[in-house]
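K.L.:
Below is target16.cif; it holds mmCIF, C-alpha atoms and all ligand atoms.
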data_protein
loop_
_atom_site.label_atom_id
_atom_site.label_comp_id
_atom_site.auth_asym_id
_atom_site.auth_seq_id
_atom_site.Cartn_x
_atom_site.Cartn_y
_atom_site.Cartn_z
CA MET I 1 -25.66 -64.74 23.46
CA ARG I 2 -25.74 -63.11 20.00
CA ARG I 3 -28.73 -60.98 21.02
CA ARG I 4 -26.85 -59.75 24.13
CA ARG I 5 -23.79 -58.80 22.04
CA ARG I 6 -26.00 -56.89 19.57
CA ARG I 7 -27.71 -55.09 22.48
CA ARG I 8 -24.29 -54.17 23.91
CA GLY I 9 -23.22 -52.84 20.46
CA ILE I 10 -26.34 -50.70 20.23
CA SER I 11 -25.87 -49.28 23.71
CA ALA I 12 -22.15 -48.54 22.95
CA SER I 13 -23.02 -46.62 19.78
CA LEU I 14 -25.76 -44.82 21.74
CA VAL I 15 -23.03 -43.54 24.05
CA THR I 16 -20.32 -42.74 21.43
CA LEU I 17 -22.58 -41.14 18.79
CA PRO I 18 -23.67 -38.12 20.83
CA PHE I 19 -20.13 -37.81 22.18
CA ALA I 20 -18.65 -37.77 18.64
CA SER I 21 -21.19 -35.26 17.39
CA ILE I 22 -20.53 -32.99 20.40
CA LEU I 23 -16.81 -33.20 19.61
CA ILE I 24 -17.38 -32.27 15.92
CA MET I 25 -19.66 -29.39 16.86
CA ALA I 26 -17.18 -28.10 19.44
CA THR I 27 -14.37 -28.18 16.84
CA LEU I 28 -16.49 -26.29 14.32
CA LEU I 29 -17.42 -23.74 16.98
CA LEU I 30 -13.78 -23.33 17.92
CA ILE I 31 -12.72 -22.70 14.30
CA SER I 32 -15.54 -20.20 13.80
CA ARG I 33 -14.55 -18.36 17.03
CA LEU I 34 -10.85 -18.14 16.14
CA PRO I 35 -9.65 -14.53 16.37
CA THR I 36 -9.75 -13.17 12.85
CA ARG I 37 -9.19 -9.90 11.09
CA HIS I 38 -11.91 -10.93 8.64
CA PRO I 39 -15.19 -11.23 10.61
CA HIS I 40 -17.21 -11.10 7.38
CA LEU I 41 -15.70 -14.36 6.07
CA SER I 42 -17.59 -17.62 6.05
CA LEU I 43 -16.49 -20.61 8.14
CA ARG I 44 -14.90 -22.23 5.12
CA GLN I 45 -13.00 -19.07 4.20
CA ARG I 46 -11.81 -18.71 7.81
CA SER I 47 -10.53 -22.28 7.91
CA TYR I 48 -8.69 -21.52 4.64
CA LYS I 49 -7.20 -18.36 6.17
CA LEU I 50 -6.08 -20.37 9.20
CA ALA I 51 -4.41 -22.95 6.98
CA GLN I 52 -2.82 -20.11 4.98
CA ARG I 53 -1.48 -18.51 8.17
CA ILE I 54 0.01 -21.81 9.29
CA THR I 55 1.68 -22.23 5.86
CA MET I 56 2.96 -18.65 5.99
CA ALA I 57 4.32 -19.09 9.52
CA SER I 58 6.20 -22.19 8.47
CA SER I 59 7.74 -20.39 5.49
CA SER I 60 8.14 -16.90 6.94
CA SER I 61 11.72 -17.16 8.06
CA SER I 62 13.89 -16.69 4.98
CA SER I 63 16.98 -17.92 6.82
CA SER I 64 15.55 -21.37 7.55
CA PRO I 65 14.33 -23.47 4.66
CA PRO I 66 10.54 -23.97 4.45
CA SER I 67 9.33 -27.18 6.06
CA ASP I 68 7.09 -27.76 3.04
CA PRO I 69 9.37 -28.67 0.09
CA SER I 70 6.77 -27.39 -2.36
CA LEU I 71 7.52 -23.86 -1.04
CA GLU I 72 11.28 -24.19 -1.59
CA THR I 73 12.82 -21.57 -3.91
CA VAL I 74 16.23 -23.22 -4.22
CA ALA I 75 16.82 -26.48 -6.06
CA PRO I 76 20.14 -28.06 -5.00
CA HIS I 77 20.87 -29.16 -8.57
CA ALA I 78 20.05 -25.75 -10.10
CA ALA I 79 22.79 -23.50 -8.69
CA VAL I 80 21.23 -20.46 -10.38
CA THR I 81 18.17 -20.73 -8.07
CA GLY I 82 20.49 -20.33 -5.09
CA GLU I 83 22.36 -17.41 -6.61
CA ARG I 84 19.29 -15.41 -7.71
CA LYS I 85 17.12 -15.23 -4.61
CA LEU I 86 13.41 -14.54 -4.27
CA ASN I 87 11.79 -12.66 -1.40
CA THR I 88 9.82 -15.39 0.35
CA ASP I 89 8.12 -12.88 2.68
CA LEU I 90 6.74 -10.46 0.08
CA GLN I 91 3.12 -11.36 0.92
CA GLU I 92 3.73 -10.06 4.44
CA GLN I 93 5.12 -6.75 3.17
CA LEU I 94 2.60 -6.01 0.42
CA PRO I 95 -0.97 -7.28 -0.01
CA LYS I 96 -1.49 -9.66 -2.93
CA PRO I 97 2.00 -9.35 -4.48
CA TYR I 98 0.98 -11.86 -7.16
CA LEU I 99 -1.69 -9.49 -8.46
CA ALA I 100 -0.49 -7.37 -11.38
CA ARG I 101 -1.72 -3.80 -10.85
CA ALA I 102 -3.26 -2.00 -13.82
CA LEU I 103 -2.98 1.56 -12.50
CA ALA I 104 -0.24 1.76 -9.87
CA ALA I 105 3.41 0.71 -9.56
CA VAL I 106 3.26 -0.66 -6.02
CA ASP I 107 5.96 -2.00 -3.71
CA PRO I 108 6.22 -2.51 0.07
CA SER I 109 7.12 1.16 0.66
CA HIS I 110 4.42 2.36 -1.77
CA PRO I 111 1.47 0.00 -1.36
CA GLN I 112 -0.78 2.55 -3.16
CA GLY I 113 1.76 3.43 -5.86
CA THR I 114 3.24 6.91 -6.33
CA ARG I 115 1.53 9.23 -3.87
CA GLY I 116 -0.74 11.85 -5.44
CA ARG I 117 -0.35 10.43 -8.93
CA ASP I 118 -3.41 10.48 -11.17
CA ALA I 119 -3.27 7.48 -13.49
CA ARG I 120 -5.92 9.10 -15.74
CA GLY I 121 -7.23 5.63 -16.49
CA MET I 122 -3.96 4.56 -18.12
CA SER I 123 -2.13 1.30 -17.50
CA VAL I 124 1.25 1.60 -15.77
CA LEU I 125 2.98 1.00 -19.14
CA GLN I 126 0.81 3.68 -20.80
CA GLN I 127 1.78 6.10 -18.00
CA HIS I 128 5.45 5.29 -18.68
CA ALA I 129 5.09 6.20 -22.35
CA ALA I 130 2.64 9.10 -21.88
CA PHE I 131 5.35 11.38 -20.53
CA PHE I 132 6.69 11.56 -24.08
CA ASP I 133 3.30 12.53 -25.54
CA ARG I 134 4.06 16.20 -25.16
CA ASN I 135 0.78 17.53 -26.57
CA GLY I 136 -1.38 14.85 -24.94
CA ASP I 137 -3.11 13.61 -28.11
CA GLY I 138 -2.43 9.93 -27.41
CA VAL I 139 0.26 9.67 -30.10
CA ILE I 140 4.03 10.08 -29.71
CA HIS I 141 5.84 11.54 -32.72
CA PRO I 142 9.66 11.36 -33.01
CA TRP I 143 10.05 15.06 -32.22
CA GLU I 144 8.05 14.52 -29.00
CA THR I 145 10.35 11.65 -28.00
CA PHE I 146 13.26 13.99 -28.70
CA GLN I 147 11.73 16.76 -26.55
CA GLY I 148 10.97 14.28 -23.74
CA LEU I 149 14.52 12.92 -23.75
CA ARG I 150 15.92 16.45 -23.67
CA ALA I 151 13.55 17.29 -20.80
CA ILE I 152 14.89 14.43 -18.63
CA GLY I 153 18.47 15.52 -19.18
CA CYS I 154 19.73 13.63 -22.24
CA GLY I 155 22.16 15.45 -24.51
CA TYR I 156 21.54 16.15 -28.22
CA PRO I 157 23.22 13.01 -29.61
CA VAL I 158 21.36 10.63 -27.24
CA SER I 159 18.05 12.46 -27.73
CA ILE I 160 18.34 12.36 -31.55
CA ALA I 161 19.42 8.69 -31.61
CA GLY I 162 16.80 7.76 -28.99
CA ALA I 163 13.98 9.49 -30.86
CA ILE I 164 14.89 7.75 -34.13
CA LEU I 165 15.37 4.29 -32.61
CA ILE I 166 12.38 4.29 -30.20
CA ASN I 167 9.93 5.50 -32.86
CA LEU I 168 11.39 3.25 -35.52
CA VAL I 169 10.97 0.16 -33.34
CA LEU I 170 7.65 0.95 -31.63
CA SER I 171 5.72 2.68 -34.40
CA TYR I 172 4.55 -0.25 -36.49
CA PRO I 173 3.54 -2.63 -33.65
CA THR I 174 1.36 0.07 -32.06
CA GLN I 175 -0.50 1.24 -35.21
CA PRO I 176 -4.29 0.86 -35.13
CA GLY I 177 -4.28 -0.91 -38.52
CA TRP I 178 -1.81 -2.62 -40.86
CA ILE I 179 -0.77 0.56 -42.71
CA PRO I 180 2.56 1.90 -41.38
CA SER I 181 2.71 5.48 -40.15
CA PRO I 182 4.76 7.73 -42.49
CA LEU I 183 5.57 9.93 -39.46
CA PHE I 184 6.61 6.97 -37.27
CA SER I 185 3.96 7.73 -34.66
CA ILE I 186 3.57 5.54 -31.55
CA HIS I 187 -0.02 4.96 -30.38
CA ILE I 188 -0.21 4.88 -26.57
CA LYS I 189 -3.51 2.97 -26.75
CA ASN I 190 -1.59 -0.02 -28.18
CA ILE I 191 1.70 0.42 -26.34
CA HIS I 192 1.41 -3.08 -24.80
CA LYS I 193 2.02 -4.41 -28.32
CA GLY I 194 5.47 -2.86 -28.11
CA LYS I 195 6.60 -5.28 -25.45
CA HIS I 196 9.72 -7.26 -26.23
CA GLY I 197 11.50 -10.26 -24.75
CA SER I 198 14.57 -10.50 -22.49
CA ASP I 199 13.13 -7.91 -20.10
CA SER I 200 12.42 -7.97 -16.35
CA GLU I 201 8.79 -9.02 -16.99
CA ALA I 202 7.69 -6.39 -14.47
CA TYR I 203 5.18 -5.14 -17.06
CA ASP I 204 2.81 -7.95 -17.87
CA THR I 205 1.56 -8.63 -21.41
CA GLU I 206 -1.22 -6.07 -21.03
CA GLY I 207 1.00 -3.37 -19.53
CA ARG I 208 0.07 -3.88 -15.88
CA PHE I 209 2.73 -3.73 -13.18
CA ASP I 210 3.68 -7.04 -11.58
CA PRO I 211 4.95 -6.32 -8.02
CA SER I 212 6.55 -9.74 -7.56
CA LYS I 213 8.59 -9.42 -10.76
CA PHE I 214 9.62 -5.91 -9.77
CA ASP I 215 10.72 -7.16 -6.35
CA ALA I 216 12.70 -9.97 -7.98
CA ILE I 217 14.89 -7.40 -9.80
CA PHE I 218 16.37 -6.45 -6.43
CA SER I 219 16.14 -9.74 -4.54
CA LYS I 220 17.98 -11.48 -7.39
CA TYR I 221 20.57 -8.92 -8.41
CA GLY I 222 20.86 -6.34 -5.56
CA ARG I 223 23.70 -8.11 -3.76
CA ALA I 224 25.75 -5.18 -2.46
CA HIS I 225 22.64 -3.19 -1.43
CA PRO I 226 19.16 -4.67 -0.96
CA ASN I 227 17.36 -1.78 -2.68
CA ALA I 228 19.75 -0.69 -5.39
CA LEU I 229 21.77 -2.03 -8.30
CA THR I 230 25.39 -1.29 -9.05
CA LYS I 231 26.44 -0.98 -12.70
CA ASP I 232 27.88 -4.52 -12.58
CA GLU I 233 24.70 -5.91 -11.04
CA LEU I 234 22.66 -4.17 -13.74
CA ASN I 235 24.82 -5.75 -16.42
CA SER I 236 24.50 -9.20 -14.87
CA MET I 237 20.70 -8.75 -14.75
CA LEU I 238 20.63 -7.81 -18.44
CA LYS I 239 22.70 -10.87 -19.29
CA ALA I 240 20.59 -13.15 -17.08
CA ASN I 241 17.31 -11.88 -18.57
CA ARG I 242 18.34 -12.77 -22.11
CA ASN I 243 15.93 -15.15 -23.85
CA MET I 244 17.45 -17.50 -26.40
CA TYR I 245 18.34 -15.83 -29.75
CA ASP I 246 16.14 -12.83 -28.90
CA PHE I 247 18.59 -10.28 -30.31
CA ILE I 248 16.01 -7.48 -30.57
CA GLY I 249 15.04 -8.03 -26.91
CA TRP I 250 18.68 -8.09 -25.77
CA ILE I 251 19.47 -4.80 -27.51
CA THR I 252 16.21 -3.07 -26.54
CA SER I 253 16.44 -4.09 -22.88
CA ALA I 254 20.07 -2.99 -22.71
CA GLY I 255 19.10 0.35 -24.31
CA GLU I 256 16.27 0.94 -21.81
CA TRP I 257 18.24 0.02 -18.69
CA LEU I 258 21.52 1.69 -19.65
CA LEU I 259 19.68 4.88 -20.61
CA LEU I 260 17.88 4.75 -17.26
CA TYR I 261 21.19 4.21 -15.48
CA SER I 262 22.84 7.11 -17.29
CA VAL I 263 20.06 9.62 -16.52
CA ALA I 264 19.05 8.51 -13.02
CA LYS I 265 21.95 6.88 -11.16
CA ASP I 266 22.78 8.44 -7.79
CA LYS I 267 26.06 10.02 -6.67
CA GLU I 268 27.47 6.62 -5.69
CA GLY I 269 26.70 5.20 -9.12
CA LEU I 270 23.73 3.16 -7.82
CA LEU I 271 20.38 2.69 -9.49
CA GLN I 272 17.96 2.99 -6.57
CA ARG I 273 14.83 0.85 -6.29
CA GLU I 274 12.69 3.99 -6.00
CA THR I 275 14.22 5.38 -9.21
CA VAL I 276 13.36 2.19 -11.07
CA ARG I 277 9.80 2.14 -9.67
CA GLY I 278 9.42 5.74 -10.87
CA ALA I 279 10.63 4.78 -14.34
CA PHE I 280 7.93 2.11 -14.53
CA ASP I 281 5.01 4.50 -13.88
CA GLY I 282 6.73 7.47 -15.54
CA SER I 283 6.76 9.57 -12.35
CA LEU I 284 10.57 9.56 -12.45
CA PHE I 285 10.54 11.35 -15.83
CA GLU I 286 8.34 14.10 -14.36
CA ARG I 287 10.63 14.42 -11.35
CA LEU I 288 13.74 14.64 -13.57
CA GLN I 289 12.03 17.24 -15.77
CA ASP I 290 11.05 19.35 -12.73
CA SER I 291 14.51 19.19 -11.18
CA LYS I 292 16.09 20.11 -14.51
CA LYS I 293 13.69 23.04 -14.94
CA SER I 294 14.37 24.37 -11.43
CA ALA I 295 18.12 23.95 -11.93
C1 LIG I 301 8.90 7.38 -26.25
C2 LIG I 301 9.51 6.93 -25.19
C3 LIG I 301 9.37 5.54 -24.62
C4 LIG I 301 8.50 4.56 -24.93
C5 LIG I 301 7.41 4.61 -25.97
C6 LIG I 301 8.81 3.43 -24.10
C7 LIG I 301 8.17 2.23 -24.13
C8 LIG I 301 8.46 1.14 -23.35
C9 LIG I 301 7.84 -0.14 -23.46
C10 LIG I 301 6.81 -0.53 -24.49
C11 LIG I 301 8.36 -0.92 -22.49
C12 LIG I 301 7.97 -2.35 -22.18
C13 LIG I 301 9.10 -3.27 -22.49
C14 LIG I 301 8.80 -4.64 -22.03
O1 LIG I 301 8.42 -4.85 -20.87
O2 LIG I 301 8.92 -5.56 -22.84
C15 LIG I 301 9.33 -0.14 -21.78
C16 LIG I 301 10.07 -0.60 -20.73
C17 LIG I 301 11.05 0.10 -20.17
N1 LIG I 301 11.47 1.35 -20.51
FE1 LIG I 301 10.62 2.57 -21.85
N2 LIG I 301 9.86 3.74 -23.29
C18 LIG I 301 10.23 5.02 -23.58
C19 LIG I 301 11.24 5.71 -23.03
C20 LIG I 301 12.05 5.22 -22.07
C21 LIG I 301 13.15 5.95 -21.49
C22 LIG I 301 13.56 7.37 -21.86
C23 LIG I 301 13.71 5.12 -20.56
C24 LIG I 301 14.89 5.38 -19.68
C25 LIG I 301 15.28 6.53 -19.28
C26 LIG I 301 12.98 3.90 -20.56
C27 LIG I 301 13.24 2.82 -19.74
C28 LIG I 301 12.52 1.68 -19.72
C29 LIG I 301 12.78 0.58 -18.80
C30 LIG I 301 13.87 0.51 -17.74
C31 LIG I 301 11.87 -0.41 -19.09
C32 LIG I 301 11.73 -1.75 -18.39
C33 LIG I 301 12.33 -2.89 -19.20
C34 LIG I 301 12.27 -4.18 -18.43
O3 LIG I 301 11.25 -4.50 -17.84
O4 LIG I 301 13.28 -4.90 -18.42
N3 LIG I 301 11.98 4.00 -21.50
N4 LIG I 301 9.37 1.12 -22.33
CA CA I 302 1.50 13.63 -29.12
#
Would you mind giving the structure from this file in structure tokens?
P.N.:
Amino acid sequence: MRRRRRRRGISASLVTLPFASILIMATLLLISRLPTRHPHLSLRQRSYKLAQRITMASSSSSSSPPSDPSLETVAPHAAVTGERKLNTDLQEQLPKPYLARALAAVDPSHPQGTRGRDARGMSVLQQHAAFFDRNGDGVIHPWETFQGLRAIGCGYPVSIAGAILINLVLSYPTQPGWIPSPLFSIHIKNIHKGKHGSDSEAYDTEGRFDPSKFDAIFSKYGRAHPNALTKDELNSMLKANRNMYDFIGWITSAGEWLLLYSVAKDKEGLLQRETVRGAFDGSLFERLQDSKKSA
């Protein structure tokens, strides 16, 4: 009796085993044959891509909440997360939006950064500052800051005050050693050491450009227009970005953004996304200088 049952068990497993292995092999074959834009990827990478696509599809519609709560960007008990929105589809508009770019200020309309721009090996933050290095020696003296501010359309009072304040604040942190510069020079090589708090965080600590932080400026504060800030929206961003007791950061950020607004707002009083992107990589300064020259 027992022997017969054992024999039946063996014959059952003899039938199911090949069937199960055929099923596993067929599944693996199916996954490996799935249409993919990445034929060079291994089976494991393709399965990951498939899983990623499924996750993306479930979270792609910004109007409906994601089915996976771990992808939620709004916490019901944190009203501020509902007021300041994030773009949940950025990865579909720009490749690798989480990757801070060293050389180019990228966004969905400029996935390669400013067209025709030669970064000359400089970080995006170095490019921003380099416009003011009028003789190209890697160091910005106060009179160069003054000339740069004049070139982008600032009047005498703003250019004099700007040159004094910018060089006063940024000179010491960017010096190559501990001895202060008697001429208040700013060293572009070390400009990342001039970063302050209470900012947009679109420059990372090393002076790269973080596309997701840049996008958040407009998704959070561009209420009236998706790709521009009104003066009120700019002010609410400055207030919202304030870190606790970071008075230097508050003042510096306000100075940077209000100066940008005053020199580059459009006819409707809006600060356009493209203007801000140009300020980050410094291409805006060149454009302003050229238009001022031709005028
Ligand atoms: C010598 C001239 C300048 C130097 C050395 C300089 C340097 C810097 C540095 C180090 C930062 C990084 C701040 C941070 O992320 O913590 C920065 C950001 C910025 N700068 Fe300048 N800057 C100069 C001129 C200007 C001018 C003329 C404008 C406006 C017209 C401007 C507008 C901005 C803006 C909007 C930011 C972004 C701040 C943020 O992310 O919230 N800068 N600049
Ligand atoms: Ca110089």
K.L.:
Compute the set of protein, DNA and RNA residues whose minimum atom distance to ligand LIG 301 (chain I) is at most 6 Å, using all atoms listed in the file, and state it as a list in words.
P.N.:
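Selection of residues at most 6 Å from ligand LIG 301 (chain I): Ala129, Phe132, Thr145, Leu149, Ile191, His192, Gly194, Lys195, His196, Gly197, Asp199, Ser200, Glu201, Ala202, Tyr203, Ser253, Glu256, Trp257, Leu259 and Leu260 of chain I.
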K.L.:
Write out, as a tab-separated table, each residue of chain I that has an atom at most 7 Å from ligand CA 302 (chain I), together with the closest pair of atoms and their distance in Å to one decimal, counting all atoms listed in the file, rows going by chain and rising number.
P.N.:
residue	atom	partner	partner_atom	distance
I:Asp133	CA	I:CA302	CA	4.2
I:Arg134	CA	I:CA302	CA	5.4
I:Asn135	CA	I:CA302	CA	4.7
I:Gly136	CA	I:CA302	CA	5.2
I:Asp137	CA	I:CA302	CA	4.7
I:Gly138	CA	I:CA302	CA	5.7
I:Val139	CA	I:CA302	CA	4.3
I:Ile140	CA	I:CA302	CA	4.4
I:His141	CA	I:CA302	CA	6.0
I:Glu144	CA	I:CA302	CA	6.6
K.L.:
In file coordinates, which residues lie within 7 Å of (15.4, -12.7, -2.2) using all atoms listed in the file, given as JSON, numbers by chain?
P.N.:
{"I": [85, 86, 87, 88, 216, 219, 220]}
K.L.:
May I have the residues within 10 Å of stretch 100-108 of chain I as a ChimeraX atom specification, using all atoms listed in the file and disregarding those fewer than 5 positions away in the same chain?
P.N.:
/I:90-95,113-115,117-127,202-204,206-215,273-274,277-283
K.L.:
Would you kindly return, as a PyMOL selection string, each protein, DNA or RNA residue with an atom no farther than 8 Å from any atom of I:Leu271, considering only C-alpha atoms and excluding same-chain residues fewer than 4 positions away?
P.N.:
chain I and resi 228-231+261+264-266+275-276
K.L.:
I want to know what sits within 7 Å of stretch 167-174 of chain I, based on only C-alpha atoms, with residues of the same chain fewer than 6 positions away left out; could you give that as an MDAnalysis selection string?
P.N.:
chainID I and resid 142 180 184:187 190:191 193:194
K.L.:
Suppose you want the space between atom CA of I:Leu258 and atom CA of I:Ser294; what is it in Å?
P.N.:
25.2 Å
K.L.:
With 3 Å of padding per side, what axis-aligned box (centre and edge lengths, Å, one decimal) covers all the listed atoms of stretch 215-223 of chain I? Give it as lines of an AutoDock Vina configuration file.
P.N.:
center_x = 17.2
center_y = -8.9
center_z = -6.8
size_x = 19.0
size_y = 11.1
size_z = 12.0
K.L.:
I want to know what sits within 8 Å of I:Lys292, based on all atoms listed in the file, with residues of the same chain fewer than 6 positions away left out; could you give that as number ranges by chain?
P.N.:
I: 151-153
K.L.:
Give the answer as one residue: which of I:Leu165, I:Val158, I:Val74, I:Val80 has the shortest atom-to-atom distance to I:Ile248, using all atoms listed in the file?
P.N.:
I:Leu165
K.L.:
Would you mind reading off the distance between atom CA of I:Ala254 and atom CA of I:Leu238, one decimal, in Å?
P.N.:
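Here the two named atoms are 6.5 Å from each other.
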K.L.:
Given all atoms listed in the file as the basis, pick out the residue of I:Arg150, I:Arg223, I:Lys96, I:Arg242 nearest to I:Glu83.
P.N.:
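Ranked by minimum distance to I:Glu83, first place goes to I:Arg223.
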K.L.:
Check the smallest atom-to-atom distance from each of I:His225, I:His128, I:His77, I:Arg84 to I:Phe285 using all atoms listed in the file, then report the winner.
P.N.:
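Ranking I:His225, I:His128, I:His77, I:Arg84 by distance to I:Phe285, first place goes to I:His128.
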K.L.:
Using the block above, I'd like stretch 110-183 of chain I written out, keeping C-alpha atoms and formatting it as a CSV table (one decimal), in the first residue's frame.
P.N.:
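Contents of the output file decode_16.csv:
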chain,number,residue,atom,x,y,z
I,110,HIS,CA,17.1,72.1,-23.5
I,111,PRO,CA,18.2,68.5,-22.8
I,112,GLN,CA,21.7,69.3,-24.0
I,113,GLY,CA,21.9,72.7,-22.2
I,114,THR,CA,22.3,76.0,-24.0
I,115,ARG,CA,22.8,75.3,-27.7
I,116,GLY,CA,26.3,76.1,-29.0
I,117,ARG,CA,27.7,76.9,-25.6
I,118,ASP,CA,31.3,75.9,-24.9
I,119,ALA,CA,31.6,75.1,-21.2
I,120,ARG,CA,35.4,75.3,-21.5
I,121,GLY,CA,35.6,72.6,-18.9
I,122,MET,CA,33.9,74.7,-16.2
I,123,SER,CA,31.2,73.7,-13.9
I,124,VAL,CA,27.8,75.4,-14.4
I,125,LEU,CA,28.4,77.6,-11.4
I,126,GLN,CA,31.9,78.5,-12.7
I,127,GLN,CA,30.3,79.5,-16.0
I,128,HIS,CA,27.9,81.7,-14.1
I,129,ALA,CA,30.7,83.5,-12.4
I,130,ALA,CA,33.1,83.5,-15.4
I,131,PHE,CA,31.2,86.2,-17.2
I,132,PHE,CA,32.5,88.7,-14.7
I,133,ASP,CA,36.1,87.6,-15.2
I,134,ARG,CA,36.6,90.2,-17.9
I,135,ASN,CA,40.2,89.5,-18.7
I,136,GLY,CA,39.8,85.7,-18.4
I,137,ASP,CA,42.6,85.1,-15.8
I,138,GLY,CA,40.4,83.0,-13.5
I,139,VAL,CA,40.1,85.7,-10.9
I,140,ILE,CA,37.3,88.3,-10.5
I,141,HIS,CA,38.4,91.7,-9.1
I,142,PRO,CA,35.8,94.2,-7.9
I,143,TRP,CA,36.3,96.5,-10.9
I,144,GLU,CA,35.6,93.4,-13.2
I,145,THR,CA,32.3,92.8,-11.2
I,146,PHE,CA,31.5,96.5,-11.7
I,147,GLN,CA,32.2,96.3,-15.5
I,148,GLY,CA,30.2,93.0,-15.8
I,149,LEU,CA,27.2,94.5,-14.0
I,150,ARG,CA,27.3,97.6,-16.2
I,151,ALA,CA,27.5,95.4,-19.3
I,152,ILE,CA,24.3,93.6,-18.3
I,153,GLY,CA,22.4,96.9,-17.9
I,154,CYS,CA,22.8,97.8,-14.2
I,155,GLY,CA,23.1,101.5,-13.4
I,156,TYR,CA,26.1,103.1,-11.6
I,157,PRO,CA,24.7,102.8,-8.0
I,158,VAL,CA,23.7,99.1,-8.4
I,159,SER,CA,27.0,98.3,-10.1
I,160,ILE,CA,29.1,100.0,-7.5
I,161,ALA,CA,27.2,98.5,-4.6
I,162,GLY,CA,27.1,95.1,-6.3
I,163,ALA,CA,30.8,95.0,-6.9
I,164,ILE,CA,31.6,95.9,-3.3
I,165,LEU,CA,29.1,93.5,-1.8
I,166,ILE,CA,29.8,90.5,-4.1
I,167,ASN,CA,33.6,90.7,-3.8
I,168,LEU,CA,33.4,91.4,-0.1
I,169,VAL,CA,31.3,88.3,0.6
I,170,LEU,CA,32.9,85.9,-1.9
I,171,SER,CA,36.5,86.8,-1.8
I,172,TYR,CA,37.7,85.1,1.4
I,173,PRO,CA,35.8,81.8,1.0
I,174,THR,CA,37.3,81.3,-2.5
I,175,GLN,CA,40.9,82.2,-1.7
I,176,PRO,CA,43.4,79.4,-2.4
I,177,GLY,CA,44.9,79.7,1.1
I,178,TRP,CA,44.1,81.3,4.5
I,179,ILE,CA,45.6,84.7,3.7
I,180,PRO,CA,42.8,87.2,2.7
I,181,SER,CA,43.2,89.0,-0.7
I,182,PRO,CA,43.9,92.7,-0.2
I,183,LEU,CA,42.2,93.3,-3.6
